Structure formats: C-alpha cells, structure tokens
>>> print(open('final-v7.cif').read())   # mmCIF, C-alpha atoms
data_query
loop_
_atom_site.label_atom_id
_atom_site.label_comp_id
_atom_site.auth_asym_id
_atom_site.auth_seq_id
_atom_site.Cartn_x
_atom_site.Cartn_y
_atom_site.Cartn_z
CA MET A 1392 104.18 80.65 35.99
CA THR A 1393 103.32 81.29 39.63
CA ASN A 1394 106.95 81.38 40.80
CA GLY A 1395 107.63 84.50 42.81
CA LYS A 1396 103.94 85.17 43.40
CA LEU A 1397 102.51 85.47 46.88
CA HIS A 1398 100.84 82.21 47.89
CA PHE A 1399 98.54 81.34 50.78
CA GLU A 1400 101.60 80.52 52.91
CA ASP A 1401 102.91 84.08 52.52
CA PHE A 1402 99.86 85.62 54.19
CA THR A 1403 100.91 85.02 57.77
CA PRO A 1404 98.89 86.60 60.59
CA GLU A 1405 99.89 90.20 61.33
CA ARG A 1406 101.70 90.63 58.01
CA ALA A 1407 100.79 94.11 56.71
CA PHE A 1408 100.59 95.39 53.14
CA PRO A 1409 100.59 99.12 52.35
CA LEU A 1410 97.65 100.51 50.36
CA GLY A 1411 97.89 103.54 48.08
CA PRO A 1412 98.56 106.38 47.76
CA LEU A 1413 95.75 106.76 45.25
CA THR A 1414 94.19 110.09 44.30
CA VAL A 1415 90.60 110.21 43.08
CA SER A 1416 89.55 112.94 40.66
CA ALA A 1417 86.19 114.67 40.22
CA GLU A 1418 85.92 113.10 36.74
CA GLU A 1419 86.38 109.58 38.14
CA ILE A 1420 83.81 110.18 40.88
CA ILE A 1421 81.26 111.45 38.35
CA GLU A 1422 82.01 108.64 35.87
CA PHE A 1423 81.48 105.90 38.46
CA ALA A 1424 78.37 107.56 39.90
CA SER A 1425 76.83 108.12 36.46
CA GLU A 1426 76.88 104.37 35.91
CA TYR A 1427 76.15 102.94 39.36
CA ASP A 1428 74.99 105.60 41.82
CA PRO A 1429 73.66 108.73 40.06
CA GLN A 1430 72.70 110.76 43.12
CA PRO A 1431 73.28 114.54 43.03
CA MET A 1432 76.07 114.62 45.67
CA HIS A 1433 78.06 112.12 43.60
CA LEU A 1434 77.54 114.05 40.35
CA SER A 1435 78.20 117.73 41.04
CA GLU A 1436 80.27 119.89 43.36
CA GLU A 1437 77.34 122.21 44.03
CA ALA A 1438 74.99 119.39 45.03
CA GLY A 1439 77.75 117.81 47.11
CA LYS A 1440 78.35 121.05 49.00
CA ALA A 1441 74.64 121.39 49.67
CA SER A 1442 74.51 117.83 51.08
CA ILE A 1443 75.74 116.61 54.44
CA LEU A 1444 78.75 115.09 52.63
CA GLY A 1445 80.23 118.59 52.18
CA GLY A 1446 81.46 118.35 48.58
CA LEU A 1447 81.51 116.20 45.46
CA ALA A 1448 81.79 112.81 47.16
CA ALA A 1449 82.48 109.34 45.80
CA SER A 1450 79.74 106.73 46.03
CA GLY A 1451 80.51 104.34 48.87
CA TRP A 1452 80.65 101.60 46.23
CA HIS A 1453 83.26 103.64 44.39
CA THR A 1454 85.28 103.82 47.61
CA SER A 1455 84.94 100.03 47.85
CA ALA A 1456 86.18 99.66 44.27
CA LEU A 1457 89.10 102.03 44.97
CA HIS A 1458 90.05 99.90 47.97
CA MET A 1459 89.95 96.88 45.65
CA ARG A 1460 92.28 98.70 43.25
CA MET A 1461 94.70 99.49 46.06
CA THR A 1462 94.85 95.83 47.12
CA ILE A 1463 95.42 94.86 43.47
CA ASP A 1464 98.35 97.25 43.17
CA SER A 1465 99.77 96.35 46.60
CA PHE A 1466 99.71 92.55 46.53
CA LEU A 1467 96.75 90.85 44.84
CA LEU A 1468 97.89 91.01 41.24
CA ASN A 1469 101.20 89.45 42.31
CA SER A 1470 99.47 86.58 44.09
CA THR A 1471 97.72 83.26 43.50
CA CYS A 1472 94.33 84.81 44.35
CA GLU A 1473 91.34 82.60 43.52
CA GLY A 1474 88.65 85.10 44.38
CA ALA A 1475 86.87 86.12 47.56
CA PRO A 1476 83.85 84.63 49.33
CA GLY A 1477 82.81 87.84 51.04
CA VAL A 1478 83.26 90.84 53.29
CA ASP A 1479 82.49 90.68 57.01
CA PHE A 1480 81.82 94.40 57.12
CA MET A 1481 82.73 97.65 55.46
CA ASP A 1482 82.24 100.96 57.26
CA TRP A 1483 82.22 104.13 55.19
CA LYS A 1484 83.35 106.45 57.97
CA LYS A 1485 83.97 109.71 56.08
CA PRO A 1486 83.10 110.84 52.55
CA VAL A 1487 85.85 110.50 49.92
CA LEU A 1488 85.89 113.90 48.22
CA ALA A 1489 87.21 114.90 44.79
CA GLY A 1490 90.98 115.36 44.94
CA ASP A 1491 91.42 113.23 48.07
CA THR A 1492 94.48 110.99 48.27
CA LEU A 1493 93.85 107.66 49.96
CA SER A 1494 96.37 105.45 51.67
CA GLY A 1495 96.28 102.78 54.30
CA GLN A 1496 97.14 99.26 55.25
CA ALA A 1497 95.76 95.75 54.91
CA VAL A 1498 96.72 93.37 57.73
CA VAL A 1499 96.31 89.59 57.78
CA LEU A 1500 94.07 88.54 60.68
CA GLU A 1501 94.02 84.78 60.20
CA ALA A 1502 94.82 82.08 57.67
CA ARG A 1503 93.28 78.62 57.38
CA THR A 1504 93.08 75.76 54.94
CA LEU A 1505 89.79 74.72 53.36
CA ARG A 1506 88.70 71.10 53.59
CA SER A 1507 86.19 71.71 50.77
CA LYS A 1508 88.79 73.12 48.35
CA PRO A 1509 92.06 71.16 48.35
CA GLY A 1510 95.07 73.31 47.54
CA ILE A 1511 93.27 76.53 48.42
CA GLY A 1512 93.55 78.48 51.66
CA LEU A 1513 91.44 81.26 53.07
CA ILE A 1514 92.81 84.36 54.73
CA ARG A 1515 90.96 87.12 56.54
CA MET A 1516 92.30 90.66 56.30
CA ARG A 1517 91.45 93.99 57.89
CA SER A 1518 91.97 97.16 55.89
CA LYS A 1519 91.97 100.76 57.07
CA VAL A 1520 92.12 103.61 54.58
CA ASP A 1521 92.78 107.27 55.49
CA ASN A 1522 92.64 110.48 53.50
CA GLN A 1523 95.43 113.08 53.26
CA ARG A 1524 94.03 114.82 56.36
CA GLY A 1525 94.62 111.71 58.43
CA GLU A 1526 90.91 110.95 58.71
CA THR A 1527 89.86 107.32 58.33
CA VAL A 1528 87.47 107.04 55.38
CA CYS A 1529 86.81 103.30 55.49
CA VAL A 1530 87.51 100.14 57.43
CA LEU A 1531 86.70 96.63 56.30
CA GLU A 1532 87.34 92.98 57.07
CA GLN A 1533 87.22 90.50 54.24
CA ALA A 1534 88.13 86.94 53.27
CA ILE A 1535 90.27 86.08 50.23
CA MET A 1536 91.26 82.69 48.79
CA PHE A 1537 94.77 81.84 47.56
CA ARG A 1538 96.36 78.77 46.08
CA MET A 1539 98.91 77.04 48.29
CA ARG A 1540 102.53 76.68 47.39
CA ALA A 1541 103.08 73.28 48.98
CA VAL A 1542 100.39 71.46 46.99
CA GLN A 1543 101.46 72.99 43.69
CA GLU A 1544 105.08 71.97 44.07
CA THR A 1545 104.24 68.35 44.77
CA ALA A 1546 101.57 68.11 42.07
CA PRO A 1547 102.43 65.83 39.13
CA MET B 450 56.04 108.94 55.12
CA ARG B 451 58.63 106.76 56.81
CA MET B 452 60.28 103.86 55.02
CA ALA B 453 58.91 101.33 57.48
CA GLU B 454 55.37 102.59 56.71
CA LEU B 455 55.92 102.33 52.96
CA ASN B 456 57.49 98.87 53.03
CA THR B 457 56.82 96.77 56.06
CA VAL B 458 59.65 94.91 57.72
CA GLY B 459 60.19 91.55 56.03
CA THR B 460 58.63 92.42 52.66
CA ARG B 461 60.99 91.47 49.81
CA LEU B 462 60.95 93.97 46.95
CA GLU B 463 62.28 93.29 43.46
CA VAL B 464 64.22 96.41 42.44
CA GLY B 465 65.49 95.61 38.95
CA THR B 466 67.68 93.52 36.68
CA MET B 467 71.15 94.22 35.32
CA GLU B 468 72.78 92.34 32.47
CA PHE B 469 76.50 91.74 32.90
CA THR B 470 77.92 91.90 29.38
CA ALA B 471 81.51 90.82 28.74
CA ASP B 472 82.32 94.44 27.82
CA SER B 473 80.95 95.87 31.05
CA ILE B 474 82.71 93.18 33.14
CA ILE B 475 86.05 93.90 31.44
CA GLY B 476 85.55 97.68 31.62
CA PHE B 477 84.93 97.61 35.36
CA ALA B 478 87.78 95.17 35.97
CA ARG B 479 90.33 97.21 34.02
CA LYS B 480 89.72 100.14 36.33
CA PHE B 481 89.35 98.43 39.68
CA ASP B 482 89.99 94.69 39.67
CA PRO B 483 92.23 93.57 36.77
CA GLN B 484 92.58 89.90 37.74
CA PRO B 485 92.78 87.45 34.82
CA PHE B 486 89.35 85.86 35.49
CA HIS B 487 87.71 89.32 35.24
CA LEU B 488 89.51 90.30 32.01
CA ASP B 489 89.82 87.34 29.68
CA ALA B 490 87.67 84.26 29.06
CA GLU B 491 90.66 82.13 28.00
CA ALA B 492 92.83 83.11 30.98
CA ALA B 493 89.90 82.43 33.32
CA LYS B 494 90.05 78.72 32.44
CA ASP B 495 93.21 78.39 34.55
CA PHE B 496 91.32 79.43 37.69
CA VAL B 497 88.63 77.92 39.89
CA PHE B 498 86.03 80.24 38.28
CA GLY B 499 86.64 78.67 34.86
CA GLY B 500 85.15 81.55 32.85
CA LEU B 501 85.02 85.32 32.51
CA CYS B 502 83.19 86.61 35.57
CA ALA B 503 82.45 89.99 37.10
CA SER B 504 84.37 91.57 39.95
CA GLY B 505 82.34 91.06 43.09
CA TRP B 506 82.41 94.82 43.57
CA GLN B 507 80.63 95.26 40.25
CA SER B 508 77.88 92.86 41.28
CA ALA B 509 77.55 94.83 44.54
CA ALA B 510 77.45 98.16 42.66
CA GLY B 511 74.77 96.61 40.43
CA TRP B 512 72.49 96.46 43.46
CA MET B 513 72.98 100.20 44.03
CA LYS B 514 72.32 100.93 40.36
CA THR B 515 69.09 98.98 40.21
CA PHE B 516 67.90 100.15 43.64
CA LEU B 517 68.42 103.79 42.74
CA ALA B 518 66.51 103.43 39.46
CA TYR B 519 63.68 101.73 41.39
CA TRP B 520 63.72 104.35 44.15
CA THR B 521 63.63 107.27 41.69
CA LYS B 522 60.48 105.82 40.08
CA GLU B 523 58.98 105.06 43.48
CA CYS B 524 59.48 108.68 44.62
CA ILE B 525 57.75 109.95 41.47
CA ARG B 526 54.85 107.55 42.07
CA LEU B 527 54.46 108.73 45.67
CA HIS B 528 54.64 112.42 44.73
CA LYS B 529 51.86 111.85 42.18
CA GLN B 530 49.71 110.44 44.97
CA GLY B 531 50.46 113.47 47.14
CA ILE B 532 52.64 111.45 49.52
CA ALA B 533 56.03 112.75 50.66
CA PRO B 534 58.53 109.92 50.02
CA PRO B 535 60.85 108.80 52.82
CA LYS B 536 63.97 111.00 52.92
CA LEU B 537 66.91 108.64 52.60
CA GLY B 538 70.41 109.84 53.47
CA PRO B 539 73.91 108.39 53.27
CA SER B 540 74.84 104.84 54.16
CA PRO B 541 77.36 104.17 56.93
CA GLY B 542 78.27 100.82 55.38
CA PHE B 543 77.34 97.18 54.95
CA ARG B 544 78.03 93.84 56.55
CA LYS B 545 77.81 90.10 55.92
CA LEU B 546 78.48 90.44 52.20
CA GLN B 547 78.67 87.03 50.54
CA TRP B 548 79.61 86.34 46.93
CA LEU B 549 77.86 82.99 46.69
CA LYS B 550 78.29 82.24 42.96
CA PRO B 551 80.31 83.87 40.20
CA VAL B 552 78.48 86.30 37.89
CA TYR B 553 79.49 85.17 34.40
CA ALA B 554 79.43 87.19 31.18
CA GLY B 555 75.86 87.23 29.86
CA ASP B 556 74.25 86.65 33.26
CA ARG B 557 71.17 88.69 34.14
CA ILE B 558 71.04 89.48 37.84
CA THR B 559 67.75 90.47 39.44
CA TYR B 560 68.18 92.41 42.66
CA TYR B 561 65.96 92.48 45.74
CA THR B 562 65.81 94.44 48.99
CA THR B 563 64.06 93.56 52.25
CA LEU B 564 63.75 95.95 55.18
CA LEU B 565 65.08 94.16 58.27
CA ASN B 566 64.58 96.84 60.91
CA SER B 567 64.25 100.57 61.43
CA ARG B 568 65.24 102.33 64.64
CA GLU B 569 65.52 105.94 65.73
CA LEU B 570 69.04 106.94 66.80
CA ALA B 571 69.13 107.75 70.51
CA SER B 572 71.91 110.26 69.82
CA ARG B 573 70.06 112.01 66.97
CA PRO B 574 66.29 112.22 67.44
CA GLY B 575 64.50 112.41 64.09
CA VAL B 576 67.21 110.36 62.38
CA TRP B 577 66.47 106.70 61.78
CA LEU B 578 68.80 103.87 60.81
CA ASN B 579 67.27 101.36 58.42
CA SER B 580 68.87 97.97 57.82
CA THR B 581 68.10 96.02 54.68
CA LEU B 582 68.94 92.58 53.33
CA ASN B 583 69.95 92.89 49.68
CA GLU B 584 70.21 90.00 47.25
CA GLY B 585 71.07 89.33 43.62
CA VAL B 586 69.70 86.25 41.85
CA ASN B 587 70.82 85.04 38.42
CA GLN B 588 68.63 83.85 35.53
CA ASN B 589 68.84 80.27 36.87
CA GLY B 590 67.40 81.24 40.23
CA GLU B 591 70.75 81.00 42.03
CA THR B 592 71.53 83.68 44.61
CA VAL B 593 74.89 85.16 43.60
CA ILE B 594 75.27 87.96 46.15
CA ARG B 595 73.77 88.81 49.51
CA PHE B 596 74.58 91.58 52.00
CA GLU B 597 73.06 93.69 54.72
CA SER B 598 73.35 97.44 54.39
CA SER B 599 72.22 100.36 56.45
CA VAL B 600 70.97 103.75 55.39
CA LEU B 601 70.01 106.85 57.33
CA GLU B 602 66.50 108.25 57.06
CA PHE B 603 65.57 111.80 58.08
CA THR B 604 62.16 112.86 59.34
#
>>> encode(input="final-v7.cif", output="structure tokens")
Amino acid sequence: MTNGKLHFEDFTPERAFPLGPLTVSAEEIIEFASEYDPQPMHLSEEAGKASILGGLAASGWHTSALHMRMTIDSFLLNSTCEGAPGVDFMDWKKPVLAGDTLSGQAVVLEARTLRSKPGIGLIRMRSKVDNQRGETVCVLEQAIMFRMRAVQETAP
Amino acid sequence: MRMAELNTVGTRLEVGTMEFTADSIIGFARKFDPQPFHLDAEAAKDFVFGGLCASGWQSAAGWMKTFLAYWTKECIRLHKQGIAPPKLGPSPGFRKLQWLKPVYAGDRITYYTTLLNSRELASRPGVWLNSTLNEGVNQNGETVIRFESSVLEFT
C-alpha cells in the first residue's frame, strides 16, 4: 500500500520540492476569513485598500493553510507522513492579496530517527513562498514525521 | 490605552472555546490538508493518531477565531467605559509552534493568550511589537497547541 510513496529515507538533506503555483481568489480569502479571522482587511477590497496591507489580503493563517496545501500537492500526500510536531517559525513577510499566484520551494534541512517512536523519522524543512511579482510572502521552518522504509520491509 | 497597560505582562487570559466537529475537521482538511487521518475515522486507524483529528493549521486558526471574538467584545467594553482600546495591527508571524496532542473530532479546545513582552520599535517610533504566548487546552486539561506570536500595536 505504501509502495512508491516517499518515506523518511527519501527526505535527504538539501533535497528540494517545488511548491505551487497556486492562485488564491477573493472568494477564498473572504470564505476563510469569515470563519477564522473576520477582520475588515480580510473581508473586503475597500477595507483592505484602506489598511496598511494595500488590498483584500489573506489572513496569515490562510497563508499558512495555503502553504500546507502546496506541500500536500507537492509531496506530502504521496508520502508516509505521520503528522507534524510543530513549526520553528513562520514569517508573514508580505500580504497575500486576492488574485496572487504563489510558488516556492521546500528544502530538507535535516533528517533524524526518533528513539521514542520506532519506525518513524523526523525531518526539518525550510519553505519559502513568493508571489508572482517575485516578492517573498512567507518563510517557515517546520518538522514533519515520516514512516521509514527499512523497518516496514523487515516487519513480519 | 496600550496593550501592556490593559493586560500586564504574564497575565494569562482565556479567550474562548471552539468545538471541533467531525464536519468542520473534514471541511478544513478537504481544502488544505487532505491526509487520511484528517478525513476519515476508519482510515485514521492505520496511523499513529488512531482517530479522526484536525489539521494542526485548523487548531492554530481556532486560536485566531476565538481571540478575535474575545477582542471584539473587549473593544466594545472599553469604548463603553470611555477608554480607547489598544490599536492592534498586522502580525509579522509566529514561532515555537508545538502541536502537543491531536485534536480529535468532538474535542472542545479552550484558548488562552499571555502577553510576554511589549517593546517600541527603534526604527518606527510609536509602533510597538507585542509578543504573546498562545495555548489551546482540550476538555481533559491537556495542552494541545502552543505558540508564540507577535503583533504590531500603533499609538
């Protein structure tokens, strides 16, 4: 069932995975914000323009979720992912505005086995996401857990 | 009024509770994080989580949702007392986010925020950077999420 999927062993340091392109619409920005972050600059173009964000802008948490989606589509859904313990940091460097197209890269920083969880390894990755104007909108470093290939193949 | 005058550094505030229904977990996951353990209770049994649980990004967004509802009420309360509420601006990001326990379908997460420090930006007088510790605790008293975020404040 997991044949062909990316395992812990495949996430070698410096390996890079492309992210996006992914375009975010005004409707999606408003839908997310209505549920989780209903501030005026995330709900209307007029209020966004009047704010220091300069236009209808995605909630930072929406940007985080869009980054998640890009990692899903790039490599996570085709992997033995067992969840994530956390995020070292995430910087929202520029607003993500309605109509923006995001793309970027996730690079493996380090990979290590976990004594506490046999058969599972932990990798740390750094992602950088830019908009279509070449401006970096977010940077983050996070840890993700994956099942190992070696243990699975020798398991009874 | 500045934030640090309203809530002193180190004071932990309860901001609200969000219930994570199976429907809301699946709805969020379909859009942003369609991994089997966020979509299907049966499929989740094959993973370490063992049950349908929320995307970590939904439990983080839940903090924003509950904080904003709290803050809106707080601003109304202050206005009624003739006090100008602190003017909060955008957030440059967060750090040290830990997903400590899964948030399972049916869990009720109560969120908290604690002001850690507040400093005026040397480069932009009149603009302050506030750092807060934010936490989510489930109905069994287990902390499920914790992170530090920063937010600008204008004076």
>>> atom_distance(input="final-v7.cif", atom1="CA of Met452 in chain B", atom2="CA of Pro535 in chain B")
5.4 Å
>>> residues_near_point(input="final-v7.cif", point="(88.1, 97.6, 44.8)", cutoff="12 Å", atoms="all atoms listed in the file", output="PyMOL selection string")
(chain A and resi 1410-1411+1413+1451-1465+1467+1475+1478+1481+1518+1531+1533) or (chain B and resi 477-484+504-510)
>>> write_last_selection(input="final-v7.cif", atoms="C-alpha atoms", output="tab-separated table (two decimals), in the coordinates of the input")
chain	number	residue	atom	x	y	z
A	1410	LEU	CA	97.65	100.51	50.36
A	1411	GLY	CA	97.89	103.54	48.08
A	1413	LEU	CA	95.75	106.76	45.25
A	1451	GLY	CA	80.51	104.34	48.87
A	1452	TRP	CA	80.65	101.60	46.23
A	1453	HIS	CA	83.26	103.64	44.39
A	1454	THR	CA	85.28	103.82	47.61
A	1455	SER	CA	84.94	100.03	47.85
A	1456	ALA	CA	86.18	99.66	44.27
A	1457	LEU	CA	89.10	102.03	44.97
A	1458	HIS	CA	90.05	99.90	47.97
A	1459	MET	CA	89.95	96.88	45.65
A	1460	ARG	CA	92.28	98.70	43.25
A	1461	MET	CA	94.70	99.49	46.06
A	1462	THR	CA	94.85	95.83	47.12
A	1463	ILE	CA	95.42	94.86	43.47
A	1464	ASP	CA	98.35	97.25	43.17
A	1465	SER	CA	99.77	96.35	46.60
A	1467	LEU	CA	96.75	90.85	44.84
A	1475	ALA	CA	86.87	86.12	47.56
A	1478	VAL	CA	83.26	90.84	53.29
A	1481	MET	CA	82.73	97.65	55.46
A	1518	SER	CA	91.97	97.16	55.89
A	1531	LEU	CA	86.70	96.63	56.30
A	1533	GLN	CA	87.22	90.50	54.24
B	477	PHE	CA	84.93	97.61	35.36
B	478	ALA	CA	87.78	95.17	35.97
B	479	ARG	CA	90.33	97.21	34.02
B	480	LYS	CA	89.72	100.14	36.33
B	481	PHE	CA	89.35	98.43	39.68
B	482	ASP	CA	89.99	94.69	39.67
B	483	PRO	CA	92.23	93.57	36.77
B	484	GLN	CA	92.58	89.90	37.74
B	504	SER	CA	84.37	91.57	39.95
B	505	GLY	CA	82.34	91.06	43.09
B	506	TRP	CA	82.41	94.82	43.57
B	507	GLN	CA	80.63	95.26	40.25
B	508	SER	CA	77.88	92.86	41.28
B	509	ALA	CA	77.55	94.83	44.54
B	510	ALA	CA	77.45	98.16	42.66
>>> atom_distance(input="final-v7.cif", atom1="CA of Asp1401 in chain A", atom2="CA of His487 in chain B")
23.6 Å
>>> residues_around(input="final-v7.cif", residues="His1433 in chain A", least_positions_apart="6", cutoff="6 Å", atoms="all atoms listed in the file", output="list of chain:residue names")
A:Ala1424, A:Leu1447, A:Ala1448, A:Ala1449
>>> residues_around(input="final-v7.cif", residues="Gly1439 in chain A", least_positions_apart="4", cutoff="12 Å", atoms="all atoms listed in the file", output="VMD selection string")
(chain A and resid 1417 1420 to 1421 1430 to 1435 1443 to 1450 1486 to 1489) or (chain B and resid 539)
>>> resolve_selection(input="final-v7.cif", expression="the PyMOL selection byres ((chain B and resi 604) around 8)", output="MDAnalysis selection string")
chainID B and resid 451 535:536 575:577 602:603
>>> residues_around(input="final-v7.cif", residues="Asn1522 in chain A", least_positions_apart="3", cutoff="6 Å", atoms="all atoms listed in the file", output="number ranges by chain")
A: 1492-1493, 1525-1526
>>> resolve_selection(input="final-v7.cif", expression="the PyMOL selection byres ((chain A and resi 1427) around 7)", output="list in words")
Phe1423, Ala1424, Ser1425, Glu1426, Asp1428 and Pro1429 of chain A; Ala510, Gly511, Met513 and Lys514 of chain B
>>> residues_around(input="final-v7.cif", residues="Leu582 in chain B", least_positions_apart="3", cutoff="12 Å", atoms="only C-alpha atoms", output="list in words")
Val458, Gly459, Thr460, Arg461, Leu462, Glu463, Trp512, Phe543, Arg544, Lys545, Leu546, Gln547, Tyr560, Tyr561, Thr562, Thr563, Leu564, Leu565, Asn566, Asn579, Gly585, Ile594, Arg595, Phe596, Glu597, Ser598, Ser599 and Val600 of chain B
>>> write_last_selection(input="final-v7.cif", atoms="C-alpha atoms", output="compact mmCIF listing (two decimals), in the frame of the given file")
# COMPACT_ATOMS: atom_id res chain seq x y z
CA VAL B 458 59.65 94.91 57.72
CA GLY B 459 60.19 91.55 56.03
CA THR B 460 58.63 92.42 52.66
CA ARG B 461 60.99 91.47 49.81
CA LEU B 462 60.95 93.97 46.95
CA GLU B 463 62.28 93.29 43.46
CA TRP B 512 72.49 96.46 43.46
CA PHE B 543 77.34 97.18 54.95
CA ARG B 544 78.03 93.84 56.55
CA LYS B 545 77.81 90.10 55.92
CA LEU B 546 78.48 90.44 52.20
CA GLN B 547 78.67 87.03 50.54
CA TYR B 560 68.18 92.41 42.66
CA TYR B 561 65.96 92.48 45.74
CA THR B 562 65.81 94.44 48.99
CA THR B 563 64.06 93.56 52.25
CA LEU B 564 63.75 95.95 55.18
CA LEU B 565 65.08 94.16 58.27
CA ASN B 566 64.58 96.84 60.91
CA ASN B 579 67.27 101.36 58.42
CA GLY B 585 71.07 89.33 43.62
CA ILE B 594 75.27 87.96 46.15
CA ARG B 595 73.77 88.81 49.51
CA PHE B 596 74.58 91.58 52.00
CA GLU B 597 73.06 93.69 54.72
CA SER B 598 73.35 97.44 54.39
CA SER B 599 72.22 100.36 56.45
CA VAL B 600 70.97 103.75 55.39
>>> closest_residue(input="final-v7.cif", among="B:Ile558, B:Cys524, B:Ala518, B:Val586", to="chain A", atoms="all atoms listed in the file")
B:Ala518
>>> residues_around(input="final-v7.cif", residues="Thr1527 in chain A", least_positions_apart="6", cutoff="9 Å", atoms="all atoms listed in the file", output="list in words")
Trp1483, Lys1484, Lys1485, Gly1495, Lys1519, Val1520 and Asp1521 of chain A
>>> closest_residue(input="final-v7.cif", among="A:Arg1406, A:Glu1400, A:Gly1510, A:Leu1500", to="chain B", atoms="all atoms listed in the file")
A:Gly1510
>>> atom_distance(input="final-v7.cif", atom1="CA of Ser1416 in chain A", atom2="CA of Glu1437 in chain A")
15.7 Å
>>> build_atoms(input="final-v7.cif", residues="range 1392-1413 of chain A", atoms="N, CA and C atoms", output="mmCIF file, in the coordinates of the input")
data_model
loop_
_atom_site.group_PDB
_atom_site.id
_atom_site.type_symbol
_atom_site.label_atom_id
_atom_site.label_comp_id
_atom_site.auth_asym_id
_atom_site.auth_seq_id
_atom_site.Cartn_x
_atom_site.Cartn_y
_atom_site.Cartn_z
ATOM 1 N N MET A 1392 104.995 79.478 36.268
ATOM 2 C CA MET A 1392 104.180 80.650 35.990
ATOM 3 C C MET A 1392 103.837 81.391 37.275
ATOM 4 N N THR A 1393 103.684 80.625 38.379
ATOM 5 C CA THR A 1393 103.320 81.290 39.630
ATOM 6 C C THR A 1393 104.532 81.497 40.520
ATOM 7 N N ASN A 1394 105.741 81.155 39.994
ATOM 8 C CA ASN A 1394 106.950 81.380 40.800
ATOM 9 C C ASN A 1394 107.074 82.851 41.161
ATOM 10 N N GLY A 1395 107.445 83.122 42.401
ATOM 11 C CA GLY A 1395 107.630 84.500 42.810
ATOM 12 C C GLY A 1395 106.355 85.176 43.253
ATOM 13 N N LYS A 1396 105.199 84.565 42.962
ATOM 14 C CA LYS A 1396 103.940 85.170 43.400
ATOM 15 C C LYS A 1396 103.680 84.853 44.873
ATOM 16 N N LEU A 1397 102.905 85.706 45.488
ATOM 17 C CA LEU A 1397 102.510 85.470 46.880
ATOM 18 C C LEU A 1397 101.482 84.346 46.910
ATOM 19 N N HIS A 1398 101.758 83.324 47.715
ATOM 20 C CA HIS A 1398 100.840 82.210 47.890
ATOM 21 C C HIS A 1398 100.174 82.304 49.258
ATOM 22 N N PHE A 1399 99.231 81.413 49.484
ATOM 23 C CA PHE A 1399 98.540 81.340 50.780
ATOM 24 C C PHE A 1399 99.540 81.399 51.940
ATOM 25 N N GLU A 1400 100.629 80.626 51.815
ATOM 26 C CA GLU A 1400 101.600 80.520 52.910
ATOM 27 C C GLU A 1400 102.263 81.853 53.248
ATOM 28 N N ASP A 1401 102.247 82.789 52.290
ATOM 29 C CA ASP A 1401 102.910 84.080 52.520
ATOM 30 C C ASP A 1401 102.043 85.041 53.335
ATOM 31 N N PHE A 1402 100.766 84.725 53.458
ATOM 32 C CA PHE A 1402 99.860 85.620 54.190
ATOM 33 C C PHE A 1402 99.774 85.172 55.657
ATOM 34 N N THR A 1403 100.844 85.433 56.365
ATOM 35 C CA THR A 1403 100.910 85.020 57.770
ATOM 36 C C THR A 1403 100.242 86.079 58.641
ATOM 37 N N PRO A 1404 99.579 85.640 59.714
ATOM 38 C CA PRO A 1404 98.890 86.600 60.590
ATOM 39 C C PRO A 1404 99.807 87.750 61.001
ATOM 40 N N GLU A 1405 99.243 88.929 60.967
ATOM 41 C CA GLU A 1405 99.890 90.200 61.330
ATOM 42 C C GLU A 1405 100.744 90.780 60.216
ATOM 43 N N ARG A 1406 100.964 90.024 59.119
ATOM 44 C CA ARG A 1406 101.700 90.630 58.010
ATOM 45 C C ARG A 1406 100.863 91.777 57.433
ATOM 46 N N ALA A 1407 101.511 92.914 57.181
ATOM 47 C CA ALA A 1407 100.790 94.110 56.710
ATOM 48 C C ALA A 1407 101.248 94.492 55.310
ATOM 49 N N PHE A 1408 100.306 94.930 54.503
ATOM 50 C CA PHE A 1408 100.590 95.390 53.140
ATOM 51 C C PHE A 1408 100.133 96.850 53.037
ATOM 52 N N PRO A 1409 100.999 97.717 52.490
ATOM 53 C CA PRO A 1409 100.590 99.120 52.350
ATOM 54 C C PRO A 1409 99.569 99.284 51.222
ATOM 55 N N LEU A 1410 98.653 100.196 51.388
ATOM 56 C CA LEU A 1410 97.650 100.510 50.360
ATOM 57 C C LEU A 1410 97.829 101.958 49.917
ATOM 58 N N GLY A 1411 97.773 102.191 48.615
ATOM 59 C CA GLY A 1411 97.890 103.540 48.080
ATOM 60 C C GLY A 1411 99.324 104.023 48.062
ATOM 61 N N PRO A 1412 99.561 105.328 47.890
ATOM 62 C CA PRO A 1412 98.560 106.380 47.760
ATOM 63 C C PRO A 1412 97.824 106.336 46.410
ATOM 64 N N LEU A 1413 96.580 106.732 46.447
ATOM 65 C CA LEU A 1413 95.750 106.760 45.250
ATOM 66 C C LEU A 1413 94.877 108.010 45.342
#
